[in-house]
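Participant: The following block contains the structure, expressed as structure tokens.
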Amino acid sequence: MLTLTLILLPIIAGLLTLSTKGENAKVIALVAALVELALGAYTFFAFVPDATSQFGVSYNWIASAGIKFSVGIDGISLILVSLTTLVVPFIILSTFQNNYEKASTFYSLILFMQAGLVGVFTAKDAFLFYFFFEAALIPIYFIAAIWGGENRIKVTFKFFVYTIFGSLFMLLALVYLYIKTPTHSSEITALYETARLLDASQQGFIFWAFFIAFAIKMPLFPFHTWQPDTYVEAPTAGTMLLSGIMLKMGTYGLIRLLLPIAPLGVKAWGTVAVVLAIIGIVYGSIIAIQQKDMKRLIAYSSFAHVGLMAAGIFSGNLDGIQGSLIQMLAHGINVVGLFFVVEIIQQRTKSRELSSLGGITQTTPQLTVLFIIIMLGSVALPLTNGFVGEFLLLKGVFEYNAWMGAVAGLTIILGAVYMLRLVQKSMFGTTTSLTEGFEDLGLTERATLLPIATLVIVLGIVPNIILKASEPAVSQLLSIINK
Amino acid sequence: MNAIIALSLFGISNLFLGFLNNRKILLPATLLFVLIALGLNLADWNHEYYWFHNMLKTNNLSINFTSIILVATALVVAISRGFGEDEEHTHPAEYYAILLFSVVGAIMMVTFQSLFMLFVGIEILSVAMYVLTGSDKRNLRSNEAALKYFLMGSFATGIMLFGIALVYGATGSFDINGIGNMVNQAKLQDIMLNPYGPILYGGIILIFVGLLFKISAAPFHFWTPDVYDGAPSIFTAFMSTVVKTAGVAATYRLLSISFPAVYGLWGNPLVYITCLTLFIGNITAVYQQSFKRMLAYSSISHAGYLLITVLAKTPTTNSSILFYSLAYSIATISAFAVLMAVSEAQAKTGKTDESFNALNGLAKNNPLLAFALAVSMLSLAGIPLTAGFFGKFFIFADAFSNVSSLFKTIAVVAILMSTVGIYYYFKPIIAAYLKKGDLEKIELSPIYKLTLIITTALTILLGIAPDLVKNIF
């Protein structure tokens, strides 16, 4: 029942927001997101760390086709639900400095998006999963297309068509599996069992159908061409939603559907996937080093990070998957923080170009400290949240194949290069005409960045509260895969 | 079947209503007639009746199809607005009457038991449509469309009649069950055992020509864009929903009752026709600048999706076709309603623009129209939360239920083409919501507004709870 509340609350709040006018919209949205956060926190602490699915409900939805409205939270879902409920309030808070046209629509779309995301992460029925997977796309499309930058229409259109193209392949695979189930059921666990009856070539087909869908969503090399442009053109809140939470729909899909449904497919083609992911890590990092635009730089860094997550997932061992889960959480928090810093700088200076910035640190002790903490989390320095995930991921990939692990390990060096460059070029050095008299953080800005920086450190010191929660579920998943 | 008789009488009474010098009464009267016919139709539910010396037969399937046809007709009538204010040049009473007559033809097409009735039904429907296509008689495009439609249409029905004759020659029967029995017993699929096989084969292919022409499947689709474009929008809406549904229903009825035993004969050509239809409809739609022409190509592509499930012939084919036809019809009528409202508003400012640009900035002053447009486009594109998604879903499920691996290929083609579809269905949404334009608030009559609300609400409702109607079908 709790899960259902987590899905319905943002929808109801979104409708409420939609019916209000003017300034009230952002306040209502923030309150709703905070209530959702409280519920999410309650869920997290009430969760019994074993492999079962908890707080669930199940209704017959389309009885004639055996499709159920079935949701619940297990250890894997828990991490992502926590991420979603945690990050959205910060995203809303980060927009408090802006006055958007049609604000009520803007905030209601964010809340609808949140409902869709929680739905994806808790769905226990494959069609329900698909349903939310697509439904989450529509709000973010409109957020990016209405409030985005100059080229928004073209860029977001490419994004939309590209991702729908991918998910149609997932639909194809789901329908294919669903028809093969003996009782025409679309429960994800039923699909696990049905997949055992398929031979290697059929599983190969399913592997690729799922892979294309999730690889576009994350995105993985070479399906990433929509990503940098969309991240840059979308309003910052939209970019945060996209990079902070939405790309995790792809990695979550890999863990929840691809690995357990098509283990033979993974055996046959997994190496290709890992290689693509590792190419993405190196390629994304190298491009990130050369970027002049801050937002674009972070977009490419996000692309590189998600490559490592995917490589860890496809390595198919406990460390790889556990690492990817905690990294999803950490990356979601960090990237929201980073994009917010970019937003602050852009609002004050009207520029995101590294070459025209510098010297900001002279007037902004608070911003500097918080920015550096978040940056270090992203670089994966020990005692920050990024370290745990990256360490486990690299260990997982290394176990899978030492050479691949070594190449993936480049991410540590390259990541430090582009991140330090980002901070150095924007914050340090001499003041330019644009950055003169740069004001330090205001109240809402502090209220956003301070908790994020705190989380970066807390999760880096006590990662076990996360790892403990997801471990039984991941172990069970691995036993299904290796059956 | 009382619906046919009633509608014929209503059509005639409509003509008489024209003598009253009151145009306002025509629309509600016609709407009432259609709803009465719907009631009469539903009264036969769960009964199988033969009519007119076993020439027509009603069963639940045909009643369902008839209901969809009548619902679509009612919606079209509701947005017809009395066919304009121009006293001199329009003849609303005649238009409504002809519309009702053509529905009679459509119902005959979905209830036929004898191939004669199929032919007569198609002719009644077609002749009425030829007239209505050309009803904007001062407009050159409308005239051209009517002539084109008439010439190509009469060829197609002529060829079909020839096909019926050949099938009669091979099986000695006009009754679809009789033909089915003959095909089974005489082993007509095996040319070595029965020399009449080739005649039957030729007959089936020729009948295909007539039916596929009506549902505008490639390569019999060439008339569609020009005719849809030239005809007054209200009749285009009618053509692309009622005529298409009737055509698909007739094709399905004929193939599933008479020729299941010779699936090999018609299955293979139909596979190619299906893929070609999907391909041509979707790819060509991408290049259209006119919203109306885009809808014409979209209607071609939807014929392709419907043919997939006709081909798959699984136990759920019935309900899949019905659901898809319903979802498609509602969304299409909704889209045409928006198109008509906008192009009329544009015409007042002196522009006769039916391109996507005409929709620019629609959302600003006309939120209802823009929302109805968005929902209908999303439904046609098959995005979740709309009826169109489940329509596609059921069809893909049918395709995979068929064990033949061929259907995996067809499903992949259909998926790829759905992506292409998203591309062009989003153009109007982008124009309406994201581009700037100078459209003023468009005044809509209450019944027009109500229709838009009904179609939009139904599309969303069926997208959330498809079981509401799926259980009936």
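For the structure tokens, the naming scheme is as follows: chains receive sequential letters (A, B, ...) according to their order of presentation, residues are indexed from 1 within each chain, and ligands are indexed from 1 in presentation order.
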Quick one: which chain A residues come within 6 Å of chain B, and what is the nearest atom pair for each with the distance in Å to one decimal, counting only C-alpha atoms, rows ordered by chain and ascending number, as a Markdown table?

Facilitator:
```
| residue | atom | partner | partner_atom | distance |
| --- | --- | --- | --- | --- |
| A:Ile62 | CA | B:Asp467 | CA | 5.7 |
| A:Phe131 | CA | B:Pro384 | CA | 6.0 |
| A:Phe165 | CA | B:Thr419 | CA | 5.4 |
| A:Val175 | CA | B:Ala397 | CA | 5.8 |
| A:Tyr176 | CA | B:Phe400 | CA | 5.9 |
```

Participant: Store the residues of this selection in a file with C-alpha atoms, as a compact mmCIF listing (two decimals), in the first residue's frame.

Facilitator:
```
# COMPACT_ATOMS: atom_id res chain seq x y z
CA ILE A 62 -6.44 -5.86 -17.74
CA PHE A 131 3.78 1.66 -19.20
CA PHE A 165 12.32 3.82 -30.87
CA VAL A 175 5.08 -9.25 -26.05
CA TYR A 176 7.16 -12.10 -27.40
```

Participant: For segment 5-19 of chain A, find every residue with an atom within 7 Å (counting only C-alpha atoms), except residues of its own chain fewer than 3 positions away, and show them as a PyMOL selection string.

Facilitator: chain A and resi 1-2+25+28-29+32+36+104-105+107-109+111-112+114-115+118-119

Participant: Could you turn the residues from that selection into a file that holds N, CA and C atoms, as an mmCIF file, in the first residue's frame?

Facilitator:
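Below you can see part-v9.cif, which holds the result:
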```
data_model
loop_
_atom_site.group_PDB
_atom_site.id
_atom_site.type_symbol
_atom_site.label_atom_id
_atom_site.label_comp_id
_atom_site.auth_asym_id
_atom_site.auth_seq_id
_atom_site.Cartn_x
_atom_site.Cartn_y
_atom_site.Cartn_z
ATOM 1 N N MET A 1 0.837 -1.199 0.000
ATOM 2 C CA MET A 1 0.000 0.000 0.000
ATOM 3 C C MET A 1 0.872 1.250 0.000
ATOM 4 N N LEU A 2 2.007 1.163 0.740
ATOM 5 C CA LEU A 2 2.931 2.287 0.806
ATOM 6 C C LEU A 2 3.451 2.637 -0.582
ATOM 7 N N ALA A 25 2.507 27.643 -6.994
ATOM 8 C CA ALA A 25 2.800 26.361 -7.615
ATOM 9 C C ALA A 25 4.082 25.758 -7.061
ATOM 10 N N ILE A 28 3.675 24.563 -3.391
ATOM 11 C CA ILE A 28 2.912 23.314 -3.288
ATOM 12 C C ILE A 28 3.752 22.135 -3.765
ATOM 13 N N ALA A 29 4.444 22.351 -4.880
ATOM 14 C CA ALA A 29 5.265 21.265 -5.421
ATOM 15 C C ALA A 29 6.341 20.870 -4.424
ATOM 16 N N ALA A 32 4.840 18.956 -1.509
ATOM 17 C CA ALA A 32 4.503 17.595 -1.932
ATOM 18 C C ALA A 32 5.757 16.740 -2.019
ATOM 19 N N GLU A 36 6.706 13.447 0.091
ATOM 20 C CA GLU A 36 7.131 12.233 -0.610
ATOM 21 C C GLU A 36 8.483 11.767 -0.070
ATOM 22 N N SER A 104 2.767 26.676 -13.070
ATOM 23 C CA SER A 104 1.994 25.559 -12.520
ATOM 24 C C SER A 104 2.153 24.316 -13.382
ATOM 25 N N THR A 105 2.184 24.512 -14.712
ATOM 26 C CA THR A 105 2.388 23.363 -15.595
ATOM 27 C C THR A 105 3.771 22.766 -15.380
ATOM 28 N N TYR A 107 5.764 22.753 -12.725
ATOM 29 C CA TYR A 107 5.944 21.964 -11.509
ATOM 30 C C TYR A 107 5.074 20.714 -11.512
ATOM 31 N N SER A 108 3.892 20.819 -12.124
ATOM 32 C CA SER A 108 3.077 19.605 -12.154
ATOM 33 C C SER A 108 3.736 18.547 -13.029
ATOM 34 N N LEU A 109 4.404 18.982 -14.101
ATOM 35 C CA LEU A 109 5.087 17.993 -14.953
ATOM 36 C C LEU A 109 6.214 17.305 -14.177
ATOM 37 N N LEU A 111 6.251 16.720 -11.028
ATOM 38 C CA LEU A 111 5.642 15.745 -10.114
ATOM 39 C C LEU A 111 5.116 14.521 -10.861
ATOM 40 N N PHE A 112 4.516 14.759 -12.040
ATOM 41 C CA PHE A 112 4.051 13.611 -12.836
ATOM 42 C C PHE A 112 5.228 12.712 -13.195
ATOM 43 N N GLN A 114 7.911 12.369 -11.499
ATOM 44 C CA GLN A 114 8.316 11.607 -10.323
ATOM 45 C C GLN A 114 7.437 10.369 -10.141
ATOM 46 N N ALA A 115 6.132 10.550 -10.340
ATOM 47 C CA ALA A 115 5.229 9.403 -10.218
ATOM 48 C C ALA A 115 5.618 8.311 -11.212
ATOM 49 N N VAL A 118 8.887 6.557 -9.999
ATOM 50 C CA VAL A 118 8.657 5.607 -8.904
ATOM 51 C C VAL A 118 7.942 4.372 -9.450
ATOM 52 N N GLY A 119 7.013 4.604 -10.378
ATOM 53 C CA GLY A 119 6.310 3.478 -10.990
ATOM 54 C C GLY A 119 7.258 2.518 -11.688
#
```

Participant: For a test of reading the model, state the distance in Å between atom CA of Ala200 of chain A and atom CA of Leu264 of chain A, rounded to one decimal.

Facilitator: 5.6 Å

Participant: Counting only C-alpha atoms, figure out which residue out of B:Ser404, B:Thr459, B:Thr251, B:Thr409 gets nearest to Leu172 of chain A.

Facilitator: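 Answer, going by the shortest atom-to-atom distance: B:Thr409.
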
Participant: Tell me, as a PyMOL selection string, which residues lie within 12 Å of Asn139 of chain B, counting only C-alpha atoms; anything in the same chain fewer than 3 positions away does not count.

Facilitator: chain B and resi 89+133-136+142-146+229-232

Participant: The selected residues should be written to file as a PDB file, in the first residue's frame (atoms: N, CA and C atoms).

Facilitator:
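File out13.pdb, as written:
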```pdb
ATOM      1  N   HIS B  89     -25.335  27.460 -51.422  1.00  0.00           N
ATOM      2  CA  HIS B  89     -24.486  26.435 -52.017  1.00  0.00           C
ATOM      3  C   HIS B  89     -24.453  25.100 -51.289  1.00  0.00           C
ATOM      4  N   THR B 133     -17.920  13.268 -51.744  1.00  0.00           N
ATOM      5  CA  THR B 133     -16.579  13.783 -52.011  1.00  0.00           C
ATOM      6  C   THR B 133     -16.642  15.017 -52.884  1.00  0.00           C
ATOM      7  N   GLY B 134     -17.557  15.002 -53.847  1.00  0.00           N
ATOM      8  CA  GLY B 134     -17.664  16.129 -54.755  1.00  0.00           C
ATOM      9  C   GLY B 134     -18.627  17.197 -54.298  1.00  0.00           C
ATOM     10  N   SER B 135     -19.076  17.108 -53.036  1.00  0.00           N
ATOM     11  CA  SER B 135     -20.155  17.997 -52.613  1.00  0.00           C
ATOM     12  C   SER B 135     -19.731  19.460 -52.528  1.00  0.00           C
ATOM     13  N   ASP B 136     -18.446  19.713 -52.425  1.00  0.00           N
ATOM     14  CA  ASP B 136     -17.993  21.113 -52.427  1.00  0.00           C
ATOM     15  C   ASP B 136     -17.819  21.533 -53.877  1.00  0.00           C
ATOM     16  N   SER B 142     -12.188  19.458 -54.939  1.00  0.00           N
ATOM     17  CA  SER B 142     -13.254  18.542 -54.558  1.00  0.00           C
ATOM     18  C   SER B 142     -13.791  17.813 -55.789  1.00  0.00           C
ATOM     19  N   ASN B 143     -13.965  18.560 -56.862  1.00  0.00           N
ATOM     20  CA  ASN B 143     -14.442  17.935 -58.107  1.00  0.00           C
ATOM     21  C   ASN B 143     -13.472  16.892 -58.619  1.00  0.00           C
ATOM     22  N   GLU B 144     -12.192  17.284 -58.612  1.00  0.00           N
ATOM     23  CA  GLU B 144     -11.174  16.363 -59.102  1.00  0.00           C
ATOM     24  C   GLU B 144     -11.165  15.088 -58.262  1.00  0.00           C
ATOM     25  N   ALA B 145     -11.257  15.290 -56.927  1.00  0.00           N
ATOM     26  CA  ALA B 145     -11.238  14.148 -56.029  1.00  0.00           C
ATOM     27  C   ALA B 145     -12.402  13.211 -56.322  1.00  0.00           C
ATOM     28  N   ALA B 146     -13.586  13.791 -56.534  1.00  0.00           N
ATOM     29  CA  ALA B 146     -14.759  12.965 -56.770  1.00  0.00           C
ATOM     30  C   ALA B 146     -14.595  12.141 -58.036  1.00  0.00           C
ATOM     31  N   ASP B 229      -7.657  14.554 -49.458  1.00  0.00           N
ATOM     32  CA  ASP B 229      -7.270  15.954 -49.447  1.00  0.00           C
ATOM     33  C   ASP B 229      -8.346  16.833 -50.077  1.00  0.00           C
ATOM     34  N   GLY B 230      -8.918  16.347 -51.192  1.00  0.00           N
ATOM     35  CA  GLY B 230      -9.871  17.157 -51.933  1.00  0.00           C
ATOM     36  C   GLY B 230     -11.248  17.194 -51.315  1.00  0.00           C
ATOM     37  N   ALA B 231     -11.674  16.087 -50.697  1.00  0.00           N
ATOM     38  CA  ALA B 231     -13.023  16.031 -50.151  1.00  0.00           C
ATOM     39  C   ALA B 231     -13.141  17.013 -48.990  1.00  0.00           C
ATOM     40  N   PRO B 232     -14.348  17.542 -48.746  1.00  0.00           N
ATOM     41  CA  PRO B 232     -14.544  18.366 -47.558  1.00  0.00           C
ATOM     42  C   PRO B 232     -14.128  17.575 -46.318  1.00  0.00           C
TER      43      PRO B 232
END
```

Participant: DSSP says alpha helix (DSSP H) for which residues of segment 4-52 of chain A? Put them as an NGL selection string?

Facilitator: :A and (4-18 or 24-46)

Participant: With only C-alpha atoms as the atoms that count, which of B:Thr386, B:Leu359, B:Ala43, B:Leu166 lies nearest to Pro198 of chain B?

Facilitator: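 Going through B:Thr386, B:Leu359, B:Ala43, B:Leu166 one by one, the smallest distance to Pro198 of chain B is for B:Leu166.
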